[in-house]
Structures are given as structure tokens and as C-alpha cells.
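Asks: What follows is a single structure, and I will ask about it in a moment.
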There are 2 protein chains.
Amino acid sequence: MASTIKDIARVAGVSTATVSRVLNHLGGYNEDTEKKVMAVAKALGYRKNENARSLVQKSSKTIGVIMPEVTTAFYGDIIKGIEDVAYEYGYSVILTHAGSQGSRIQESMNLMGERRVDGLIIVSVELHEPAMESLLSLDVPYILISTKTKREDAPYIKVDDERAAYTAVKYLIDHHHRTIGMAGANPEDPIAGAPRINGYIQALLDHGIKVDLNLIKAGDFSFESGKQAMQAFLEDQAKITAVFCASDEAALGIISACFERQISVPEDLTVVGYDNSKVSSMSIPPLTTVAQPLYEMGKAGCSKLMDAIIHHTSIESQVIAHELVVRQSVKKLS
Amino acid sequence: MASTIKDIARVAGVSTATVSRVLNHLGGYNEDTEKKVMAVAKALGYRKNENARSLVQKSSKTIGVIMPEVTTAFYGDIIKGIEDVAYEYGYSVILTHAGSQGSRIQESMNLMGERRVDGLIIVSVELHEPAMESLLSLDVPYILISTKTKREDAPYIKVDDERAAYTAVKYLIDHHHRTIGMAGANPEDPIAGAPRINGYIQALLDHGIKVDLNLIKAGDFSFESGKQAMQAFLEDQAKITAVFCASDEAALGIISACFERQISVPEDLTVVGYDNSKVSSMSIPPLTTVAQPLYEMGKAGCSKLMDAIIHHTSIESQVIAHELVVRQSVKKLS
DNA sequence: TTGTACGCGTTATCAT
DNA sequence: ATGATAACGCGTACAA
């Protein structure tokens, strides 16, 4: 059984108060007693009990992270960013996922409450109203990463998906593509779906290209949905020269479907992805894609949260700049 | 500020003892008082304080997970498996990573100790002796996933890398490949490196093929190391017809390098990966690879740990079966 | 400089 | 069936 400050006090012949002071370097004691206490602590293999500390300090030095059920390197990067700064501040990270379609989200919130987390980060999960209420009832600072809610005052950090999509499609237009398809986005998804579709549409409109809704193939951002989209394009005998995808995985799905049919990318078809996930540089051909700075978003989000926790300030939302990473999946028409 | 059982007791006009009993459904009270207490608890928005509970129960209902710094979907799957079963048992997961080359591992262990985790899972990080001592000093059940240590008694769960590598190379030999290269493995890595190399060598020996050490290109399992290996093969003008890679990423590196030089896979060169990570099905061509059941390993590992925590039993190591997933990156010679 | 004593929120023992 | 009350390990006013 682990030793306590009482044990140290007894062995060292001082009071627990003194032990506590020494252990926390609060000053106000002799060098002698300090040395003695430290020595005994080491000898006894003392290790502070954070739970007991949490009780009296009314702070658990812990933050909660709720992420989606799906496990991609995508979230890995964000979480690493979070954990890195939390660690720096001496905070621990409790992790849980929200279950399929967020089924576990209420319970997750509750759990975080019971653990008395000092702050909460929600990554990429959509918050409906009841979940939002649970979140607020926790009464701790929080920030959403790569999500938003209807509530205007909920602080978030994300890229402007509509503008990012716009950038990508404009890039295609600048290279003289005129018949451009879109794949992989779920229009019902108000966070990552609809905005990207809107950006796509707006870019076309702004450049005098009329929008053909048949060229928009809905999906769920997955590899499979990319494959299916390509299949649909072929069945439609669509005359597209390029496809803008709502995710890298969907883009790989397009490429994979092309590969099966001997359609060459980018010679026969241009493909642009979204995310700049690790695979985008490893694909054949390397994928031109929209980059979200995931690790940085995790870091920035957690920094803001720490700031809010420590200084009792409120968090301001932040739109992070996206970037178009040009590789080799786009053919430059003339 | 959150309400406590004292608040409930006061408002409901009973003692804290009774409140505690009701809240924990321990029985031994009137229906009336039960209803009253429950009503007040709800009205006050009561939420139990797990930290306080941990103190008196000497159990934090928490397990710690230490993983490597690198963030791939690989670990995501394992962690999801862990979290799923932990959640089932009502346990929370505290996550931390071990820093680059495990620089933070000692601190991580210490942190887990201070949080009084009931058990610990180490994922894929190599434990040197001092780290091992820290681990044991925590005096809680633990299990290693996808790692081992020199200590025979340290429970682990992993696939037999040597046999898995053997299987993959034998598959190549069965399809009449005779000059087979190996790429991406770090021979200094006693966990994932050396055994895979040994499996490769053993498979060759068992089939009367002499081993050419020049055909073994060391690496760090990364995409880059795969590319470099391919470059080396070309500079050597090696007459290989196939390459066995120690990771899928390295395999993609090989393929990428081939792509740049118009070498076609698998027509001109056969490639086999290792991990069956998500990318292996998305690559061009889809990758034949060795599968480790990551999610299942996470689940199984956590189940064993839970068992050990709850029943105070010890954990037995387990070797999980690997599997060769055949896709389209292998050419069948005759 | 050091010690006493109380409180944090909860469970558990022992009375009643 | 219910209530006092003592822990659990720690921090901290207040005293000395």
C-alpha cells in the first residue's frame, strides 16, 4: 500500500502540515527539515494522491476529451496536440468516444462531470440540443474542435470549410477545368458536409459555370462512398474532367475505382481531396488536397482551454487558416 | 457549484448515510425516503464526485493507457478496443503518450501512479529496465499490447511477429519468387524489427534459398524508409522480384518510389506489407499484407486487465493469430 | 519555523 | 430503517 504524508510525518518526526509544505515547495521551513522530509519521502516511495488533492483543491487537474467513434489518424493528430499542451500544464487527459452517431454522448458528458474535469474538449462530434445542455450543466470551460453548434456563443476552433472548398474548386477552375464533380460529402452534415458543398457551388457560380446537381454525389466521407461516387459518374456517363472530394479517403475511393477501370489519374481524371491526411502523400499519384492543421488545432484548442481554466476568462472562437497542398493528382488543362 | 450528498441530506431531512445508501441502491430504507431522496437529488442536479469516492474506496475506477508518440490509425484501433471494454465496466481511460523514443515514459508512469489508476496498459512502447521498475512499483495489474520485455513474467498480448513474417515470405516463395528483398524493419528493435527479419530469413532458409544480407534494407517502418529502401535496391541493381515490408507504410513507400520510376506493381515488382492498416485497402494496387487484429487486441487486453483488477488474478500472456490478407500487390510467377 | 485542527465529498461501521 | 461519526489523503487557516 502506498505511503501517505502521515507516514512521512511520523517517520520524520514532524507534522503533516510541514510535510505538505515541503512537498509543495511552499517555503517557510528549515533546510534541515526539508532535507529530512524529502529523504523520508523518497525512502518510503511516496507518491502524491491526485484524487485526494482534487478534493481539497476543488480542481482535478484533468481535462476531458470526447471524440467520435471512428478511429482515423485524423483524430490521432488532434489528440496528440491536445495531450502535448495538457501535459505541459501538468494536466491529465481523460478520453472517451461518443459512440456510433453520438449515442454515448450524454453518458460521456456525465462521466466527465463525475470525474470533475476542469475543462472539456469536444472533437468533431455534432452536438444536438440536449447534449449541449448537458455540456453547459457541467459548468466548466469547453471548446469545440472541428465542429460548431447552433449556439453562437459556443467557442470553437475550426477551418472555414466553405472557403476551403471554394479555394480547392477555384484552383481547378484556374486550371481550366469546367465540368467538375463533387463526391463524398453528406449534405445533411451541417459541419463538414453542407459547407463544403456550398463552397463548391459558390466557386462555380462565381466563375460563370452553371451548377449541375447530378454532378454532386453525396456520401459519408468514406473510401467506399468515393468508390460509389465514381461508379455513379460512370453510369451517368458524366463528362467530368475533375472531382473535388470532401475527404482524402473519398478521393482515394475515386482513384481506386479508376484504377479498376484503367482510368488514369490525373491524365484522364483530376482528383482533389480534403484533409491532407497522411495517406494523401502516400497515394498513387500523390494527392492534391486541402490541409487542415490538425495537430496545431489540437494544440491551439487546448491552449485556449488551459487559459480559460487558469485565468477564468472566456474562450474566443477561432477560424484557422486552411491551405491547398499541391501534389500530383491535378492535370493542368489549357 | 455542484451539490453534494450533504445538500441532499439537509434538504430531504435525512442523514448523509441514508442519502448514500439510496444513491447506491444498497437497500435498507423506506420507499418514501427513497423517493424523497431521489427527487431532491434530481432537483439539485446532483452528480457524484468520483474523486471523493476513489479516496474512500481505494479504487479510482480508472485505467491508464500509455502509447507511443506517433499517431497512426494503428493505435486508434487499439485504443478504441480498450476504451470500449473499459466503458462497459464503468472504468475511465486516462491517456498519455510516452514522448519521442519514450522520453516521457518514466514521467508517464509516475503520473498514472499519482492518479491512482487501478490498472495500466502499455501499447507498443519498448520498456527498458528502469521503466519496467517504475511500472512494477505502481503495484497494479498491467498488460503490454504489441510489445514484450525481457522479463518473462510481464504479461503481454501480441502476434508472433516472426511467424507472421515467415508466413508472408513463404507465401511469396509459394508463388515462385526466389529473390526477395526486405524493407522498413529496424533490426535494433527487438519487438517489431528483429523478429520480422528473422522470420524472413528463416522462411528463405527453410526453402533452400540462400540469404543475401544486401537485400535487407533497414528502416524505421515509415513511408520514407520504404522509399529509401527502393532507391537502394535500384542503386544496387538488385534482381529482386518481390519485397517484403515490415509495415504497410514502408510498402507504400516502395510503391511510391516505383511509381516515380514507372516501375509497375505488381507486374514489375511484387510488394507485401505488414499491419493491414486502413491504407492497405486504399492503395494502388490494393496491398497484400499481414493483418494484426488491432481492435480485438485492444479489447482482449483490456478484458484481461479488468479481470485481473476485479478478481485479483494474474494475467496470462496471449499470442494472437495473425492472418495474411491477400489483395493485388503480389504477382504469381510460374 | 512549525503544529493543530478542520474540511473537501464520500463510504462504512456501529449504534439506535 | 436510520443516524452519528470516523475514516480516506491532503491542503490550509490559525495558533503557537
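We name chains A, B, ... following the order of the C-alpha cells; residues begin at 1 in each chain, and ligands are numbered from 1 as shown.
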What are the DSSP strand (DSSP E) residues of stretch 129-260 of chain A, as a ChimeraX atom specification?
Replies: /A:142-145,156-159,180-185,216-218,242-245
Asks: From a DSSP pass on the backbone, collect the residues of stretch 17-167 of chain A flagged as alpha helix (DSSP H) and hand them back as a PyMOL selection string.
Replies: chain A and resi 17-23+31-43+50-57+73-88+105-114+129-138+161-167
Asks: How close does each residue of chain C get to chain A, giving the shortest atom pair and distance in Å to one decimal for every residue with an atom at most 12 Å away, counting only C-alpha atoms (C1' of nucleotides), sorted by chain and residue number, as a tab-separated table?
Replies:
```
residue	atom	partner	partner_atom	distance
C:DT1	C1'	A:Tyr29	CA	5.4
C:DT2	C1'	A:Thr18	CA	6.9
C:DG3	C1'	A:Ser15	CA	6.2
C:DT4	C1'	A:Ser15	CA	9.1
C:DA5	C1'	A:Ala17	CA	10.7
C:DC6	C1'	A:Val56	CA	11.7
C:DG7	C1'	A:Val56	CA	7.8
C:DC8	C1'	A:Val56	CA	4.4
C:DG9	C1'	A:Leu55	CA	7.4
C:DT10	C1'	A:Leu55	CA	10.4
```
Asks: With a distance threshold of 9 Å and counting only C-alpha atoms, extract the residues of chain A near chain B and express them as a tab-separated table (two decimals) with N, CA, C and O atoms, in the first residue's frame.
Replies:
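The result, stored in out17.tsv:
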```tsv
chain	number	residue	atom	x	y	z
A	1	MET	N	0.84	-1.20	0.00
A	1	MET	CA	0.00	0.00	0.00
A	1	MET	C	0.88	1.26	0.00
A	1	MET	O	1.87	1.33	0.70
A	2	ALA	N	0.47	2.20	-0.79
A	2	ALA	CA	1.25	3.43	-0.94
A	2	ALA	C	1.30	4.20	0.37
A	2	ALA	O	0.37	4.17	1.17
A	45	GLY	N	9.08	5.79	-0.79
A	45	GLY	CA	8.47	5.68	-2.12
A	45	GLY	C	7.15	6.43	-2.19
A	45	GLY	O	6.20	5.98	-2.82
A	47	ARG	N	4.23	8.88	-3.13
A	47	ARG	CA	3.69	9.39	-4.39
A	47	ARG	C	2.37	10.06	-4.05
A	47	ARG	O	1.50	9.48	-3.44
A	48	LYS	N	2.26	11.31	-4.42
A	48	LYS	CA	1.07	12.05	-4.01
A	48	LYS	C	-0.20	11.45	-4.60
A	48	LYS	O	-0.18	10.84	-5.66
A	49	ASN	N	-1.27	11.64	-3.90
A	49	ASN	CA	-2.56	11.12	-4.36
A	49	ASN	C	-3.37	12.27	-4.99
A	49	ASN	O	-3.92	13.10	-4.29
A	50	GLU	N	-3.39	12.25	-6.30
A	50	GLU	CA	-4.06	13.35	-7.01
A	50	GLU	C	-5.55	13.41	-6.70
A	50	GLU	O	-6.16	14.46	-6.76
A	51	ASN	N	-6.13	12.27	-6.42
A	51	ASN	CA	-7.56	12.27	-6.14
A	51	ASN	C	-7.86	13.02	-4.84
A	51	ASN	O	-8.80	13.80	-4.76
A	52	ALA	N	-7.05	12.76	-3.84
A	52	ALA	CA	-7.23	13.45	-2.57
A	52	ALA	C	-7.01	14.95	-2.77
A	52	ALA	O	-7.74	15.78	-2.25
A	54	SER	N	-7.42	16.61	-5.51
A	54	SER	CA	-8.55	17.17	-6.25
A	54	SER	C	-9.65	17.59	-5.29
A	54	SER	O	-10.26	18.64	-5.44
A	55	LEU	N	-9.89	16.76	-4.30
A	55	LEU	CA	-10.96	17.01	-3.35
A	55	LEU	C	-10.78	18.36	-2.68
A	55	LEU	O	-11.67	19.21	-2.73
A	60	SER	N	-9.37	19.06	-10.47
A	60	SER	CA	-8.83	17.72	-10.68
A	60	SER	C	-7.59	17.72	-11.56
A	60	SER	O	-6.99	16.68	-11.78
A	69	GLU	N	-16.58	8.10	-32.71
A	69	GLU	CA	-16.24	6.69	-32.58
A	69	GLU	C	-15.19	6.26	-33.59
A	69	GLU	O	-14.34	5.44	-33.30
A	70	VAL	N	-15.29	6.85	-34.77
A	70	VAL	CA	-14.38	6.42	-35.83
A	70	VAL	C	-12.94	6.74	-35.47
A	70	VAL	O	-12.64	7.76	-34.87
A	71	THR	N	-12.08	5.84	-35.85
A	71	THR	CA	-10.68	5.99	-35.45
A	71	THR	C	-9.81	6.18	-36.68
A	71	THR	O	-9.47	5.23	-37.35
A	72	THR	N	-9.46	7.39	-36.95
A	72	THR	CA	-8.54	7.63	-38.04
A	72	THR	C	-7.35	8.41	-37.50
A	72	THR	O	-7.39	8.94	-36.39
A	73	ALA	N	-6.31	8.44	-38.29
A	73	ALA	CA	-5.12	9.17	-37.87
A	73	ALA	C	-5.48	10.64	-37.69
A	73	ALA	O	-4.86	11.37	-36.94
A	74	PHE	N	-6.50	11.05	-38.40
A	74	PHE	CA	-7.08	12.38	-38.28
A	74	PHE	C	-7.19	12.79	-36.81
A	74	PHE	O	-6.61	13.77	-36.37
A	75	TYR	N	-7.90	12.01	-36.04
A	75	TYR	CA	-8.11	12.35	-34.64
A	75	TYR	C	-6.85	12.15	-33.83
A	75	TYR	O	-6.60	12.85	-32.87
A	76	GLY	N	-6.05	11.20	-34.24
A	76	GLY	CA	-4.80	10.97	-33.55
A	76	GLY	C	-3.98	12.24	-33.47
A	76	GLY	O	-3.46	12.60	-32.42
A	77	ASP	N	-3.89	12.95	-34.57
A	77	ASP	CA	-3.10	14.18	-34.60
A	77	ASP	C	-3.68	15.24	-33.67
A	77	ASP	O	-2.96	15.90	-32.95
A	79	ILE	N	-5.56	14.80	-31.08
A	79	ILE	CA	-5.43	14.37	-29.69
A	79	ILE	C	-4.00	14.51	-29.20
A	79	ILE	O	-3.76	14.89	-28.07
A	80	LYS	N	-3.08	14.22	-30.08
A	80	LYS	CA	-1.69	14.42	-29.69
A	80	LYS	C	-1.43	15.88	-29.37
A	80	LYS	O	-0.76	16.22	-28.39
A	83	GLU	N	-2.93	16.56	-26.00
A	83	GLU	CA	-2.21	15.93	-24.90
A	83	GLU	C	-0.88	16.63	-24.64
A	83	GLU	O	-0.45	16.79	-23.49
A	84	ASP	N	-0.24	17.06	-25.71
A	84	ASP	CA	1.05	17.73	-25.55
A	84	ASP	C	0.95	18.98	-24.70
A	84	ASP	O	1.74	19.19	-23.79
A	87	TYR	N	-0.14	18.16	-21.02
A	87	TYR	CA	1.00	17.62	-20.29
A	87	TYR	C	1.90	18.74	-19.79
A	87	TYR	O	2.36	18.75	-18.65
A	92	SER	N	-3.90	16.05	-16.85
A	92	SER	CA	-4.11	14.75	-17.47
A	92	SER	C	-5.30	14.79	-18.40
A	92	SER	O	-6.18	15.64	-18.26
A	93	VAL	N	-5.32	13.85	-19.32
A	93	VAL	CA	-6.40	13.79	-20.30
A	93	VAL	C	-7.23	12.53	-20.12
A	93	VAL	O	-6.69	11.43	-20.13
A	94	ILE	N	-8.50	12.72	-19.91
A	94	ILE	CA	-9.40	11.57	-19.88
A	94	ILE	C	-10.12	11.51	-21.22
A	94	ILE	O	-10.69	12.50	-21.67
A	95	LEU	N	-10.03	10.35	-21.82
A	95	LEU	CA	-10.53	10.22	-23.18
A	95	LEU	C	-11.75	9.31	-23.25
A	95	LEU	O	-11.80	8.28	-22.62
A	96	THR	N	-12.71	9.72	-24.04
A	96	THR	CA	-13.83	8.82	-24.27
A	96	THR	C	-14.38	9.12	-25.65
A	96	THR	O	-14.18	10.20	-26.19
A	97	HIS	N	-15.04	8.14	-26.24
A	97	HIS	CA	-15.64	8.46	-27.53
A	97	HIS	C	-17.16	8.46	-27.42
A	97	HIS	O	-17.74	7.90	-26.51
A	110	ASN	N	-21.72	13.09	-18.73
A	110	ASN	CA	-21.99	12.81	-17.33
A	110	ASN	C	-20.75	12.26	-16.63
A	110	ASN	O	-20.37	12.68	-15.54
A	111	LEU	N	-20.12	11.34	-17.32
A	111	LEU	CA	-18.90	10.74	-16.80
A	111	LEU	C	-17.84	11.80	-16.54
A	111	LEU	O	-17.19	11.82	-15.50
A	113	GLY	N	-18.37	14.81	-15.92
A	113	GLY	CA	-18.81	15.58	-14.76
A	113	GLY	C	-18.45	14.87	-13.46
A	113	GLY	O	-17.95	15.48	-12.52
A	114	GLU	N	-18.69	13.59	-13.44
A	114	GLU	CA	-18.40	12.83	-12.22
A	114	GLU	C	-16.91	12.81	-11.91
A	114	GLU	O	-16.51	12.72	-10.76
A	115	ARG	N	-16.12	12.88	-12.96
A	115	ARG	CA	-14.67	12.93	-12.75
A	115	ARG	C	-14.22	14.35	-12.42
A	115	ARG	O	-13.05	14.60	-12.23
A	116	ARG	N	-15.15	15.26	-12.41
A	116	ARG	CA	-14.85	16.66	-12.11
A	116	ARG	C	-13.72	17.22	-12.96
A	116	ARG	O	-12.79	17.85	-12.45
A	137	SER	N	-24.33	22.22	-18.38
A	137	SER	CA	-24.61	21.93	-16.98
A	137	SER	C	-23.34	21.53	-16.21
A	137	SER	O	-23.30	21.57	-14.99
A	138	LEU	N	-22.33	21.13	-16.95
A	138	LEU	CA	-21.08	20.77	-16.28
A	138	LEU	C	-20.44	22.01	-15.67
A	138	LEU	O	-19.68	21.91	-14.72
A	139	ASP	N	-20.74	23.13	-16.30
A	139	ASP	CA	-20.26	24.39	-15.74
A	139	ASP	C	-18.74	24.48	-15.69
A	139	ASP	O	-18.18	24.93	-14.69
A	223	PHE	N	-13.97	5.99	-47.89
A	223	PHE	CA	-13.37	5.39	-49.08
A	223	PHE	C	-14.45	4.78	-49.96
A	223	PHE	O	-14.51	5.02	-51.16
A	249	GLU	N	-10.03	10.23	-48.03
A	249	GLU	CA	-10.43	8.84	-48.20
A	249	GLU	C	-11.38	8.68	-49.38
A	249	GLU	O	-11.26	7.74	-50.16
A	252	LEU	N	-9.38	8.79	-52.44
A	252	LEU	CA	-8.73	7.52	-52.72
A	252	LEU	C	-9.73	6.52	-53.28
A	252	LEU	O	-9.38	5.68	-54.11
A	253	GLY	N	-10.96	6.63	-52.83
A	253	GLY	CA	-12.00	5.76	-53.36
A	253	GLY	C	-12.21	6.02	-54.85
A	253	GLY	O	-12.32	5.09	-55.65
A	255	ILE	N	-9.98	7.28	-56.89
A	255	ILE	CA	-8.78	6.79	-57.59
A	255	ILE	C	-8.80	5.28	-57.71
A	255	ILE	O	-8.46	4.70	-58.73
A	256	SER	N	-9.23	4.63	-56.62
A	256	SER	CA	-9.28	3.17	-56.63
A	256	SER	C	-10.24	2.67	-57.69
A	256	SER	O	-9.94	1.73	-58.43
A	259	PHE	N	-8.69	3.06	-60.98
A	259	PHE	CA	-7.66	2.03	-61.19
A	259	PHE	C	-8.29	0.74	-61.70
A	259	PHE	O	-7.78	0.11	-62.63
A	278	LYS	N	-2.39	11.69	-43.69
A	278	LYS	CA	-1.12	11.07	-44.02
A	278	LYS	C	-1.15	10.36	-45.37
A	278	LYS	O	-0.19	10.40	-46.13
A	279	VAL	N	-2.26	9.71	-45.63
A	279	VAL	CA	-2.35	8.94	-46.87
A	279	VAL	C	-2.22	9.80	-48.12
A	279	VAL	O	-1.84	9.28	-49.17
A	282	MET	N	0.94	9.53	-49.61
A	282	MET	CA	1.37	8.17	-49.91
A	282	MET	C	0.60	7.54	-51.08
A	282	MET	O	0.91	6.44	-51.49
A	283	SER	N	-0.40	8.23	-51.53
A	283	SER	CA	-1.22	7.62	-52.58
A	283	SER	C	-0.55	7.70	-53.94
A	283	SER	O	0.42	8.42	-54.14
A	284	ILE	N	-1.08	6.94	-54.87
A	284	ILE	CA	-0.59	6.96	-56.25
A	284	ILE	C	-1.70	7.50	-57.12
A	284	ILE	O	-2.71	6.84	-57.27
A	285	PRO	N	-1.58	8.64	-57.74
A	285	PRO	CA	-0.49	9.60	-57.51
A	285	PRO	C	-0.71	10.35	-56.20
A	285	PRO	O	-1.81	10.33	-55.68
A	286	PRO	N	0.34	10.98	-55.71
A	286	PRO	CA	0.19	11.81	-54.52
A	286	PRO	C	-0.93	12.82	-54.72
A	286	PRO	O	-1.07	13.39	-55.79
```
Asks: Residues of chain D no more than 8 Å from chain A, counting only C-alpha atoms (C1' of nucleotides): send them over as a list in words.
Replies: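 Output check: DG9, DC10 and DG11 of chain D.
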Asks: Excluding stretch 162-175 of chain B and any residue of its chain fewer than 4 positions from it, enumerate the residues within 9 Å of it, using only C-alpha atoms (C1' of nucleotides), and give them as an MDAnalysis selection string.
Replies: chainID B and resid 180 192 194:204 207 242 244 246 270 272:274 289:291 321:324 330:334
Asks: I want to know what sits within 9 Å of A:Met109, based on only C-alpha atoms (C1' of nucleotides), with residues of the same chain fewer than 6 positions away left out; could you give that as an mmCIF file with C-alpha atoms, in the first residue's frame?
Replies:
```cif
data_model
loop_
_atom_site.group_PDB
_atom_site.id
_atom_site.type_symbol
_atom_site.label_atom_id
_atom_site.label_comp_id
_atom_site.auth_asym_id
_atom_site.auth_seq_id
_atom_site.Cartn_x
_atom_site.Cartn_y
_atom_site.Cartn_z
ATOM 1 C CA GLY A 64 -11.878 15.549 -20.747
ATOM 2 C CA ILE A 66 -14.758 13.469 -26.299
ATOM 3 C CA LEU A 120 -13.739 19.761 -21.801
ATOM 4 C CA ALA A 131 -26.124 17.249 -25.446
ATOM 5 C CA SER A 134 -25.532 18.547 -20.574
ATOM 6 C CA LEU A 135 -22.348 20.235 -21.628
ATOM 7 C CA LEU A 138 -21.080 20.767 -16.283
#
```
Asks: Can you list, as a compact mmCIF listing (two decimals) with N, CA and C atoms (P, O5', C5', C4', C3', O3' and C1' of nucleotides), in the first residue's frame, every protein, DNA or RNA residue that comes within 12 Å of C:DA15 when you count only C-alpha atoms (C1' of nucleotides), leaving out same-chain residues fewer than 6 positions away?
Replies:
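The file below, around22.txt, is the result:
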```txt
# COMPACT_ATOMS: atom_id res chain seq x y z
P DT D 2 -36.04 4.97 6.52
O5' DT D 2 -34.86 5.42 7.45
C5' DT D 2 -35.16 6.15 8.63
C4' DT D 2 -33.93 6.33 9.45
C3' DT D 2 -32.89 7.30 8.89
O3' DT D 2 -33.05 8.54 9.58
C1' DT D 2 -31.92 5.46 10.05
P DG D 3 -32.28 9.80 9.09
O5' DG D 3 -31.19 9.90 10.24
C5' DG D 3 -31.58 9.60 11.56
C4' DG D 3 -30.37 9.57 12.46
C3' DG D 3 -29.30 10.61 12.11
O3' DG D 3 -28.82 11.18 13.31
C1' DG D 3 -28.33 8.45 12.12
P DA D 4 -28.25 12.64 13.30
O5' DA D 4 -27.11 12.46 14.36
C5' DA D 4 -26.04 11.68 13.95
C4' DA D 4 -25.25 11.18 15.13
C3' DA D 4 -23.91 11.91 15.20
O3' DA D 4 -23.32 11.69 16.46
C1' DA D 4 -23.69 9.76 14.16
P DT D 5 -21.95 12.46 16.75
O5' DT D 5 -20.86 11.59 15.99
C5' DT D 5 -20.76 10.21 16.29
C4' DT D 5 -19.65 9.59 15.48
C3' DT D 5 -18.51 10.56 15.12
O3' DT D 5 -17.29 9.87 15.28
C1' DT D 5 -19.26 9.52 13.18
```
Asks: Could you list, as a ChimeraX atom specification, every residue within 12 Å of D:DA6, counting only C-alpha atoms (C1' of nucleotides) and ignoring same-chain residues fewer than 4 positions away?
Replies: /B:56 /C:11-14
Asks: For the residues in the current selection, export C-alpha atoms (C1' of nucleotides) as a compact mmCIF listing (two decimals), in the first residue's frame.
Replies:
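The result, stored in again09.txt:
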```txt
# COMPACT_ATOMS: atom_id res chain seq x y z
CA VAL B 56 -12.57 6.09 0.44
C1' DT C 11 -18.40 5.33 2.20
C1' DA C 12 -18.72 2.30 6.06
C1' DT C 13 -19.07 0.93 10.92
C1' DC C 14 -21.59 0.93 14.77
```
Asks: Could you tell me how far atom CA of A:Arg178 lies from atom CA of A:Gln237, in Å and to one decimal?
Replies: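 Calculated distance between atom CA of A:Arg178 and atom CA of A:Gln237 is 15.9 Å.
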Asks: When you count only C-alpha atoms, which of these residues is closest to A:Ile240: A:Thr179, A:Asn186, A:Gln106, A:Thr313?
Replies: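 Once distances to A:Ile240 are computed over only C-alpha atoms, the minimum belongs to A:Thr179.
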Asks: Find the distance between atom CA of A:Ala9 and atom CA of B:Pro141 and write it in Å to one decimal.
Replies: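 These two atoms are separated by 29.3 Å.
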